[in-house]
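Below is one structure; the comments refer to it alone.
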There are 4 protein chains.
Amino acid sequence: MGYNLLKGKKGIIFGALNEQSIAWKVAERAHEEGAELVLTNTPMALRLGELNQLAEKTNSLLVPADATSVSDLQNLFDKAMEHCGGQIDFVLHSIGMSPNVRKKLPYDDINYDFFSKTLDISALSFHKMIQVAKQKDAIREWGSIVALSYIAAQRTLFEYNDMADAKAILESIARSFGYIYGREKHVRINTISQSPTPTTAGQGVKGFGALMDFTERMSPLGNATADECADYAITLFSDLTRIVTMQNLFNDGGFSSMGMSSRAMMQYNKSLECKECKENPLNNPDEF
Amino acid sequence: MGYNLLKGKKGIIFGALNEQSIAWKVAERAHEEGAELVLTNTPMALRLGELNQLAEKTNSLLVPADATSVSDLQNLFDKAMEHCGGQIDFVLHSIGMSPNVRKKLPYDDINYDFFSKTLDISALSFHKMIQVAKQKDAIREWGSIVALSYIAAQRTLFEYNDMADAKAILESIARSFGYIYGREKHVRINTISQSPTPTTAGQGVKGFGALMDFTERMSPLGNATADECADYAITLFSDLTRIVTMQNLFNDGGFSSMGMSSRAMMQYNKSLECKECKENPLNNPDEF
Amino acid sequence: MGYNLLKGKKGIIFGALNEQSIAWKVAERAHEEGAELVLTNTPMALRLGELNQLAEKTNSLLVPADATSVSDLQNLFDKAMEHCGGQIDFVLHSIGMSPNVRKKLPYDDINYDFFSKTLDISALSFHKMIQVAKQKDAIREWGSIVALSYIAAQRTLFEYNDMADAKAILESIARSFGYIYGREKHVRINTISQSPTPTTAGQGVKGFGALMDFTERMSPLGNATADECADYAITLFSDLTRIVTMQNLFNDGGFSSMGMSSRAMMQYNKSLECKECKENPLNNPDEF
Amino acid sequence: MGYNLLKGKKGIIFGALNEQSIAWKVAERAHEEGAELVLTNTPMALRLGELNQLAEKTNSLLVPADATSVSDLQNLFDKAMEHCGGQIDFVLHSIGMSPNVRKKLPYDDINYDFFSKTLDISALSFHKMIQVAKQKDAIREWGSIVALSYIAAQRTLFEYNDMADAKAILESIARSFGYIYGREKHVRINTISQSPTPTTAGQGVKGFGALMDFTERMSPLGNATADECADYAITLFSDLTRIVTMQNLFNDGGFSSMGMSSRAMMQYNKSLECKECKENPLNNPDEF
């Protein structure tokens, strides 16, 4: 089925929940490409999700771990190295959550304990995972670490709230640690900035459907699916990208380089020209 | 009226045509701030436009010059230095034209002589103007050179055609020459990336009205007007920004840092939800 | 002395400590330009520094406040508005500190409580200050908020540690809140990314002298001084930049747009060609 | 040897000259990965170089073509499609030359006919090749086009001259045409921004050795070799990156995200501290 791009490689996948998860797709594709995997998520996610199935299907070890807990991460890497009989070749970080978004606290009335939690779960967990790995010398020379990001790190999207700030620091950690881990062990660290994707996490955001319609029409190749993200991640885990590091790589059908497409503009223009729209006031005027 | 920010300074303004021109507004504001000016445009633009009035109003010297002609530029700088009794403090480049856009040749059926002309008029003219000025030692130490650019240099907009490529090279020239002129004479070179502005030049572009509506709703402070651009240019000509160079500076109400605003999304959403729109096929389906 | 650019405006300056501080220079220049000021720093900084002198010299109110404390910030804005007889026009945030840097904990053996503290002091304090200001409606329409940043937000510098991540999130907060505060009150929020500057804060960083030599030779206009940063900040507080928002603006003599200068390369080349250098092993080989 | 990543795919490689050429390495790797190739370069390059050997080794068709000539390009695509029995899957553009650099004309005393030639050879040739391909419908749906670029497009390097501007417009063309070709035929267009590489082309640039030493020490993974560039190009031609378009992708060991590394700083610091260096004036003081 695959190309054997990851044959003989061992990897850890953080953050798969169910079939919609990007991490789920990455695990499936990595397995197809010949990798041996360890899957992990929080104990709660393990109860809510269907990670057991994925572990069975891909013949992977499943280790519960809260990625904000250094001791959980230590245990995870110990188990993983034991299971794999040595060092790990690649790691995927696909973790993000904002209590402020969940509780619908607007960005200008944010709760600061929640803000710190958003950062801890969505970004500092990435640092912790790398620091633990490095201290245990758990990643093989020329290994590859990837985290999933979003264009909100560069450009503000309404309702994305403190997750934008979390993605900004996530990408910064990739650079900061990419320098250290690169110079010492040739381990590369990158982020993939993925199109909005209808995962369980994504769907919670208000106005998500209209946003996806817009980005679909803006992007010459359309929105990237979770499957396409998995394909891209495979290249970054493979030996073909050994010298690419400290980069934020857009997998988005071209959206990030678009100012305005003909298709999106025509659709938008309808709202300006049709009579019904003109008569129709904007739905939530208090939200401006 | 002003702050005397440019008191005692002398400047050359390229590209004013009529009252809508950004260059026109810059000239007015620079005059208010105490600068002595030399205005220039092509002989044809002088016939079509109303530059005489501006020269009178601001008590400026008017020198016709085709900015793609090195000899015209040499003559211009000679005249300007003679008129000003010495070196020039600041220069504005506000010039852009694409024969491909004018002739409605699409980007995938471009005429290459026209492409070269687009680049020569809209970008290489900037290099020529600076090279001539430097060879004549026409700019005072710590002088300031500014060109007007547009976000198409970074992100593709439908119908903007080869002007996008011209703006990309314009910004590159600002960097390349900013290094040379900076290290040798402390002259700084920057570009202002301005919101879409309803000037004579801007209005020619198809779909310009809908685009301006969109960028207005996307930008938290709205589109920047020509007057606001002039204010910004004044700060870049003043002594308060002496160490800012080789930068592309967005004067756009925040547009460049927006992914999606609530206002733009709501307007767009109307086109997805209203019945009339749904029944209405896109206007020009062959343009996709 | 000045241009009256801030005549009638009221501002709050966070983070001045002594004469080397950028915030100190900004306060002096804002005063010269006609602004009425409120100065603030932590109680400890007030004891260690010489802020009293600055307050006297600029005829400013001095209010102690820990910028990580919402209640301190609330008290500060209350006092400031009372003192100024109404709303504030501009705010400067010049605050940064990393316990990990202070304790010389390397980036791959970071303390996570310290990491959170770095972020809280250097970045979340910016959000808190803005949120408090907005909830009190303390900033006038078209007001201006500026924070000081550093290129470490985009590019990794050895020894800069978690301050790089803090600057990345600081710039993200400027964008995220710039959108909200812009659309609702036309308040603009930007960051200035300043050259390395020999302030009390800057000097603590190891290898700072050699770095400043390098950036001086790389930058066509040399490193920007604290005085030049103050001049630039004045333009951003003035009415001439009303439509510039959500931007990170480099005040760095061109450094950010340089790949390699002739001067820096020649200096570097000496180390490759001179006999003494060749014989001399690198000083700290264990640091690579 | 390979993964069969390009099995059944047909590609055209522009710009291989000899074994050092990146394009040469890409051709070798693409062949290993199962692709069928057409090689092309100017008639003069065919005489000077050893392209015949490569054609033999990779069992490729060799078609002379001047990439600035539309008719040559038309002939090339006709021949290629005939040879391949249909549409092409991928194209590599690895072409760049500046007469101003060759003639050692400095950037502030440039010849404008040469400047236009630099742009025509190094950048407009990319547009021509794509326009010809599109008009002949020569690229298969979801095909991939890649050009080689350099960080000079974003940051100025001494002596790189008008090649910097050429790379800026090259990357802009990738975006502009990436939008058009993407929306209509799902063809993606990207550029790889490669480390300085000791090819025949690269070696001509003055100070190249010292620059490579510097970038080697700055980059946590070291400079990317031509072989590593070829590996990366393979991923971009493969089906695993189908939704990545309009991007400039750094293959540079992390250089583009570095501000200053410990290793480079220590080497630089030697030149500041050793006695011999201090006594030694800079070699070419007139070059500053």
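By order in the structure tokens, chains are A, B, ...; within a chain, residues start at 1; ligands start at 1, following the order shown.
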
Hey, which bits of chain C sit within 10 Å of chain D, and for each residue what's the closest pair of atoms and how far apart in Å (one decimal), counting only C-alpha atoms, rows by chain and increasing number, as JSON lines?
{"residue": "C:Ile151", "atom": "CA", "partner": "D:Gly259", "partner_atom": "CA", "distance": 7.6}
{"residue": "C:Ala152", "atom": "CA", "partner": "D:Gly259", "partner_atom": "CA", "distance": 6.8}
{"residue": "C:Ala153", "atom": "CA", "partner": "D:Gly259", "partner_atom": "CA", "distance": 9.7}
{"residue": "C:Gln154", "atom": "CA", "partner": "D:Ser257", "partner_atom": "CA", "distance": 6.8}
{"residue": "C:Arg155", "atom": "CA", "partner": "D:Ser257", "partner_atom": "CA", "distance": 4.6}
{"residue": "C:Thr156", "atom": "CA", "partner": "D:Met258", "partner_atom": "CA", "distance": 4.7}
{"residue": "C:Leu157", "atom": "CA", "partner": "D:Met260", "partner_atom": "CA", "distance": 4.5}
{"residue": "C:Phe158", "atom": "CA", "partner": "D:Ser261", "partner_atom": "CA", "distance": 5.2}
{"residue": "C:Glu159", "atom": "CA", "partner": "D:Ser262", "partner_atom": "CA", "distance": 8.1}
{"residue": "C:Tyr160", "atom": "CA", "partner": "D:Met260", "partner_atom": "CA", "distance": 9.8}
{"residue": "C:Gly207", "atom": "CA", "partner": "D:Met265", "partner_atom": "CA", "distance": 8.1}
{"residue": "C:Gly209", "atom": "CA", "partner": "D:Asn269", "partner_atom": "CA", "distance": 9.3}
{"residue": "C:Ala210", "atom": "CA", "partner": "D:Asn269", "partner_atom": "CA", "distance": 6.0}
{"residue": "C:Leu211", "atom": "CA", "partner": "D:Met265", "partner_atom": "CA", "distance": 7.2}
{"residue": "C:Asp213", "atom": "CA", "partner": "D:Leu272", "partner_atom": "CA", "distance": 8.8}
{"residue": "C:Phe214", "atom": "CA", "partner": "D:Tyr268", "partner_atom": "CA", "distance": 8.0}
{"residue": "C:Thr215", "atom": "CA", "partner": "D:Met260", "partner_atom": "CA", "distance": 9.8}
{"residue": "C:Arg217", "atom": "CA", "partner": "D:Phe288", "partner_atom": "CA", "distance": 9.8}
{"residue": "C:Met218", "atom": "CA", "partner": "D:Leu157", "partner_atom": "CA", "distance": 9.9}
{"residue": "C:Pro220", "atom": "CA", "partner": "D:Phe288", "partner_atom": "CA", "distance": 9.6}
{"residue": "C:Gly254", "atom": "CA", "partner": "D:Thr156", "partner_atom": "CA", "distance": 9.7}
{"residue": "C:Phe255", "atom": "CA", "partner": "D:Arg155", "partner_atom": "CA", "distance": 9.1}
{"residue": "C:Ser256", "atom": "CA", "partner": "D:Arg155", "partner_atom": "CA", "distance": 7.6}
{"residue": "C:Ser257", "atom": "CA", "partner": "D:Arg155", "partner_atom": "CA", "distance": 4.6}
{"residue": "C:Met258", "atom": "CA", "partner": "D:Arg155", "partner_atom": "CA", "distance": 4.6}
{"residue": "C:Gly259", "atom": "CA", "partner": "D:Arg155", "partner_atom": "CA", "distance": 4.7}
{"residue": "C:Met260", "atom": "CA", "partner": "D:Leu157", "partner_atom": "CA", "distance": 4.5}
{"residue": "C:Ser261", "atom": "CA", "partner": "D:Phe158", "partner_atom": "CA", "distance": 5.2}
{"residue": "C:Ser262", "atom": "CA", "partner": "D:Phe158", "partner_atom": "CA", "distance": 5.6}
{"residue": "C:Arg263", "atom": "CA", "partner": "D:Phe288", "partner_atom": "CA", "distance": 5.9}
{"residue": "C:Ala264", "atom": "CA", "partner": "D:Tyr268", "partner_atom": "CA", "distance": 9.0}
{"residue": "C:Met265", "atom": "CA", "partner": "D:Leu211", "partner_atom": "CA", "distance": 7.2}
{"residue": "C:Met266", "atom": "CA", "partner": "D:Leu282", "partner_atom": "CA", "distance": 6.5}
{"residue": "C:Gln267", "atom": "CA", "partner": "D:Ser271", "partner_atom": "CA", "distance": 6.5}
{"residue": "C:Tyr268", "atom": "CA", "partner": "D:Tyr268", "partner_atom": "CA", "distance": 5.1}
{"residue": "C:Asn269", "atom": "CA", "partner": "D:Ala210", "partner_atom": "CA", "distance": 6.1}
{"residue": "C:Lys270", "atom": "CA", "partner": "D:Ser271", "partner_atom": "CA", "distance": 5.7}
{"residue": "C:Ser271", "atom": "CA", "partner": "D:Ser271", "partner_atom": "CA", "distance": 4.5}
{"residue": "C:Leu272", "atom": "CA", "partner": "D:Ala210", "partner_atom": "CA", "distance": 7.8}
{"residue": "C:Glu273", "atom": "CA", "partner": "D:Cys277", "partner_atom": "CA", "distance": 9.2}
{"residue": "C:Cys274", "atom": "CA", "partner": "D:Cys277", "partner_atom": "CA", "distance": 6.7}
{"residue": "C:Lys275", "atom": "CA", "partner": "D:Glu276", "partner_atom": "CA", "distance": 8.0}
{"residue": "C:Glu276", "atom": "CA", "partner": "D:Glu276", "partner_atom": "CA", "distance": 6.6}
{"residue": "C:Cys277", "atom": "CA", "partner": "D:Lys270", "partner_atom": "CA", "distance": 6.3}
{"residue": "C:Lys278", "atom": "CA", "partner": "D:Lys270", "partner_atom": "CA", "distance": 9.4}
{"residue": "C:Asn280", "atom": "CA", "partner": "D:Lys270", "partner_atom": "CA", "distance": 8.3}
{"residue": "C:Pro281", "atom": "CA", "partner": "D:Gln267", "partner_atom": "CA", "distance": 9.4}
{"residue": "C:Leu282", "atom": "CA", "partner": "D:Met266", "partner_atom": "CA", "distance": 6.5}
{"residue": "C:Asn283", "atom": "CA", "partner": "D:Met266", "partner_atom": "CA", "distance": 7.2}
{"residue": "C:Asn284", "atom": "CA", "partner": "D:Met266", "partner_atom": "CA", "distance": 8.2}
{"residue": "C:Pro285", "atom": "CA", "partner": "D:Arg263", "partner_atom": "CA", "distance": 8.8}
{"residue": "C:Glu287", "atom": "CA", "partner": "D:Ser262", "partner_atom": "CA", "distance": 7.2}
{"residue": "C:Phe288", "atom": "CA", "partner": "D:Arg263", "partner_atom": "CA", "distance": 6.0}

Keeping only N, CA and C atoms, take the residues you just selected and write them out as a compact mmCIF listing (two decimals), in the first residue's frame.
# COMPACT_ATOMS: atom_id res chain seq x y z
N ILE C 151 13.79 40.57 17.89
CA ILE C 151 13.76 39.68 16.74
C ILE C 151 13.83 38.20 17.14
N ALA C 152 14.17 37.94 18.40
CA ALA C 152 14.14 36.55 18.88
C ALA C 152 12.76 35.93 18.72
N ALA C 153 11.73 36.76 18.58
CA ALA C 153 10.39 36.23 18.34
C ALA C 153 10.32 35.49 17.01
N GLN C 154 11.18 35.87 16.06
CA GLN C 154 11.17 35.22 14.73
C GLN C 154 12.37 34.29 14.52
N ARG C 155 13.52 34.66 15.13
CA ARG C 155 14.74 33.91 14.85
C ARG C 155 15.46 33.62 16.16
N THR C 156 15.92 32.38 16.27
CA THR C 156 16.49 31.93 17.53
C THR C 156 17.90 32.49 17.75
N LEU C 157 18.12 33.00 18.94
CA LEU C 157 19.45 33.45 19.36
C LEU C 157 19.89 32.62 20.56
N PHE C 158 21.10 32.10 20.51
CA PHE C 158 21.62 31.32 21.64
C PHE C 158 21.51 32.13 22.91
N GLU C 159 21.24 31.48 23.99
CA GLU C 159 21.18 32.08 25.33
C GLU C 159 19.94 32.96 25.56
N TYR C 160 19.13 33.16 24.52
CA TYR C 160 17.98 34.04 24.76
C TYR C 160 16.86 33.28 25.45
N GLY C 207 27.44 36.98 26.29
CA GLY C 207 27.87 37.17 24.90
C GLY C 207 27.24 38.38 24.26
N GLY C 209 28.02 41.54 24.29
CA GLY C 209 28.93 42.47 23.63
C GLY C 209 29.28 42.05 22.21
N ALA C 210 29.63 40.80 22.04
CA ALA C 210 29.98 40.30 20.70
C ALA C 210 28.76 40.35 19.79
N LEU C 211 27.61 40.03 20.34
CA LEU C 211 26.39 40.09 19.54
C LEU C 211 26.14 41.50 19.04
N ASP C 213 28.32 43.83 18.58
CA ASP C 213 29.30 44.15 17.55
C ASP C 213 28.84 43.59 16.20
N PHE C 214 28.38 42.34 16.24
CA PHE C 214 27.94 41.70 15.00
C PHE C 214 26.74 42.43 14.39
N THR C 215 25.73 42.72 15.21
CA THR C 215 24.54 43.36 14.65
C THR C 215 24.86 44.78 14.18
N ARG C 217 27.66 45.69 12.78
CA ARG C 217 28.30 45.57 11.46
C ARG C 217 27.34 45.04 10.39
N MET C 218 26.34 44.29 10.83
CA MET C 218 25.36 43.75 9.88
C MET C 218 24.38 44.83 9.42
N PRO C 220 23.01 48.18 8.10
CA PRO C 220 23.56 49.31 7.33
C PRO C 220 23.52 50.62 8.10
N GLY C 254 18.07 48.11 9.89
CA GLY C 254 18.01 47.24 8.73
C GLY C 254 18.39 45.79 9.01
N PHE C 255 18.78 45.51 10.26
CA PHE C 255 19.28 44.17 10.59
C PHE C 255 18.34 43.05 10.15
N SER C 256 17.04 43.23 10.42
CA SER C 256 16.08 42.16 10.15
C SER C 256 15.99 41.80 8.68
N SER C 257 16.39 42.70 7.80
CA SER C 257 16.34 42.40 6.37
C SER C 257 17.70 42.07 5.79
N MET C 258 18.67 41.86 6.65
CA MET C 258 20.02 41.52 6.18
C MET C 258 20.28 40.02 6.28
N GLY C 259 20.89 39.47 5.24
CA GLY C 259 21.39 38.10 5.29
C GLY C 259 22.87 38.10 5.67
N MET C 260 23.64 38.96 5.02
CA MET C 260 25.06 39.13 5.37
C MET C 260 25.59 40.42 4.76
N SER C 261 26.24 41.21 5.59
CA SER C 261 26.85 42.45 5.11
C SER C 261 28.32 42.23 4.83
N SER C 262 28.86 43.09 4.02
CA SER C 262 30.29 43.04 3.72
C SER C 262 31.12 43.24 5.00
N ARG C 263 30.71 44.21 5.81
CA ARG C 263 31.48 44.52 7.02
C ARG C 263 31.51 43.36 8.00
N ALA C 264 30.35 42.74 8.24
CA ALA C 264 30.31 41.63 9.19
C ALA C 264 31.10 40.45 8.65
N MET C 265 30.99 40.23 7.34
CA MET C 265 31.68 39.10 6.74
C MET C 265 33.19 39.28 6.83
N MET C 266 33.67 40.50 6.61
CA MET C 266 35.12 40.73 6.68
C MET C 266 35.65 40.51 8.09
N GLN C 267 34.88 40.98 9.06
CA GLN C 267 35.30 40.78 10.44
C GLN C 267 35.34 39.29 10.76
N TYR C 268 34.30 38.59 10.35
CA TYR C 268 34.22 37.15 10.58
C TYR C 268 35.38 36.44 9.89
N ASN C 269 35.65 36.88 8.68
CA ASN C 269 36.69 36.26 7.87
C ASN C 269 38.07 36.33 8.54
N LYS C 270 38.31 37.39 9.27
CA LYS C 270 39.57 37.49 10.02
C LYS C 270 39.77 36.28 10.89
N SER C 271 38.71 35.86 11.55
CA SER C 271 38.82 34.73 12.48
C SER C 271 39.17 33.45 11.74
N LEU C 272 38.86 33.41 10.45
CA LEU C 272 39.17 32.22 9.66
C LEU C 272 40.59 32.27 9.12
N GLU C 273 41.11 33.49 8.93
CA GLU C 273 42.37 33.60 8.20
C GLU C 273 43.58 33.86 9.09
N CYS C 274 43.36 34.47 10.28
CA CYS C 274 44.55 34.82 11.05
C CYS C 274 45.11 33.58 11.74
N LYS C 275 46.42 33.57 11.87
CA LYS C 275 47.11 32.38 12.37
C LYS C 275 46.75 32.13 13.84
N GLU C 276 46.77 33.21 14.60
CA GLU C 276 46.49 33.07 16.04
C GLU C 276 45.11 32.44 16.26
N CYS C 277 44.14 32.88 15.47
CA CYS C 277 42.78 32.35 15.62
C CYS C 277 42.73 30.87 15.28
N LYS C 278 43.44 30.50 14.23
CA LYS C 278 43.39 29.11 13.79
C LYS C 278 43.93 28.18 14.87
N ASN C 280 43.88 28.82 17.98
CA ASN C 280 43.10 28.99 19.19
C ASN C 280 41.79 28.19 19.11
N PRO C 281 41.65 27.16 19.95
CA PRO C 281 40.40 26.40 19.89
C PRO C 281 39.25 27.30 20.36
N LEU C 282 38.07 26.92 19.99
CA LEU C 282 36.91 27.70 20.44
C LEU C 282 36.85 27.65 21.96
N ASN C 283 36.44 28.75 22.53
CA ASN C 283 36.54 28.92 23.98
C ASN C 283 35.76 27.90 24.79
N ASN C 284 34.52 27.69 24.47
CA ASN C 284 33.69 26.81 25.29
C ASN C 284 33.17 25.65 24.45
N PRO C 285 34.01 24.71 24.15
CA PRO C 285 33.58 23.67 23.21
C PRO C 285 32.36 22.89 23.70
N GLU C 287 29.75 23.98 24.73
CA GLU C 287 28.51 24.74 24.58
C GLU C 287 27.85 24.55 23.24
N PHE C 288 28.51 23.86 22.38
CA PHE C 288 27.99 23.76 21.02
C PHE C 288 26.63 23.12 20.98

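DSSP, applied to the backbone of this structure, assigns strand (DSSP E or B) to the following residues of range 154-226 of chain A: Thr156, Leu157, Arg188, Ile189, Asn190, Thr191, Ile192, Ser193 and Gln194 of chain A.
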
Contact residues around Leu51 in chain A with only C-alpha atoms at 7 Å, ignoring same-chain residues under 6 positions, as a list in words = Ala16, Leu17 and Asn18 of chain A

key: Spatial neighbours of Leu240 in chain B, max dist 8 Å, only C-alpha atoms, sep filter under 2 positions, as an MDAnalysis selection string   = (chainID B and resid 235:236 238 242) or (chainID C and resid 228 231:232 234:235)

remark   = One decimal place gives the CA of Leu124 in chain A-CA of Ala138 in chain A separation as 18.8 Å

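Once Ala30 in chain A and its same-chain neighbours fewer than 2 positions away are set aside, Leu5, Leu6, Gly11, Lys25, Val26, Ala27, Glu28, Glu32, Glu33, Gly34, Ala35, Glu36, Leu37, Ala230, Asp231, Ala233, Ile234 and Phe237 of chain A remain within 9 Å of it when counting only C-alpha atoms.
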
Let me see the file: selected residues, C-alpha atoms, as an mmCIF file, in the first residue's frame.
data_model
loop_
_atom_site.group_PDB
_atom_site.id
_atom_site.type_symbol
_atom_site.label_atom_id
_atom_site.label_comp_id
_atom_site.auth_asym_id
_atom_site.auth_seq_id
_atom_site.Cartn_x
_atom_site.Cartn_y
_atom_site.Cartn_z
ATOM 1 C CA LEU A 5 9.175 5.350 3.775
ATOM 2 C CA LEU A 6 9.240 4.683 7.512
ATOM 3 C CA GLY A 11 7.323 6.749 16.471
ATOM 4 C CA LYS A 25 -4.748 9.471 10.212
ATOM 5 C CA VAL A 26 -1.062 10.037 10.778
ATOM 6 C CA ALA A 27 -0.868 6.841 12.827
ATOM 7 C CA GLU A 28 -2.616 4.863 10.107
ATOM 8 C CA GLU A 32 1.230 1.668 6.332
ATOM 9 C CA GLU A 33 4.692 3.086 5.695
ATOM 10 C CA GLY A 34 6.239 0.481 7.933
ATOM 11 C CA ALA A 35 6.630 2.301 11.259
ATOM 12 C CA GLU A 36 6.174 0.800 14.695
ATOM 13 C CA LEU A 37 4.062 3.057 16.896
ATOM 14 C CA ALA A 230 -1.040 12.667 7.292
ATOM 15 C CA ASP A 231 0.671 12.228 3.921
ATOM 16 C CA ALA A 233 3.622 14.396 8.002
ATOM 17 C CA ILE A 234 5.006 11.146 6.578
ATOM 18 C CA PHE A 237 9.245 11.839 9.356
#

key: Straight-line distance linking CA of Lys185 in chain B with CA of Trp142 in chain B, stated in Å to one decimal   = 6.9 Å

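If you measure from each of B:Pro99, B:Gln74, B:His83, B:Asp108 to Gly182 in chain D using only C-alpha atoms, the closest one turns out to be B:Asp108.
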
ask   = What separation in Å, quoted to one decimal, exists between CA of Ile192 in chain A and CA of Gly2 in chain A?
value = 21.4 Å

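Near Met129 in chain D, within a cut-off of 8 Å and counting only C-alpha atoms, sit the residues Ala67, Val70, Leu73, Ser125 and Ala133 of chain D, with same-chain residues fewer than 4 positions away left out.
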
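The environment of Ile13 in chain A within 10 Å, counting only C-alpha atoms and disregarding residues fewer than 3 places along the same chain, consists of Ala16, Ala23, Trp24, Val26, Ala27, Ala30, Leu37, Val38, Leu39, Thr40, Asn41, Leu62, Phe90, Val91, Leu92, His93, Ser94 and Val146 of chain A.
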
note = Counting only C-alpha atoms, closest pick from D:Leu249, D:Phe14, D:Ile130, D:Gln20 relative to Leu46 in chain D is D:Phe14
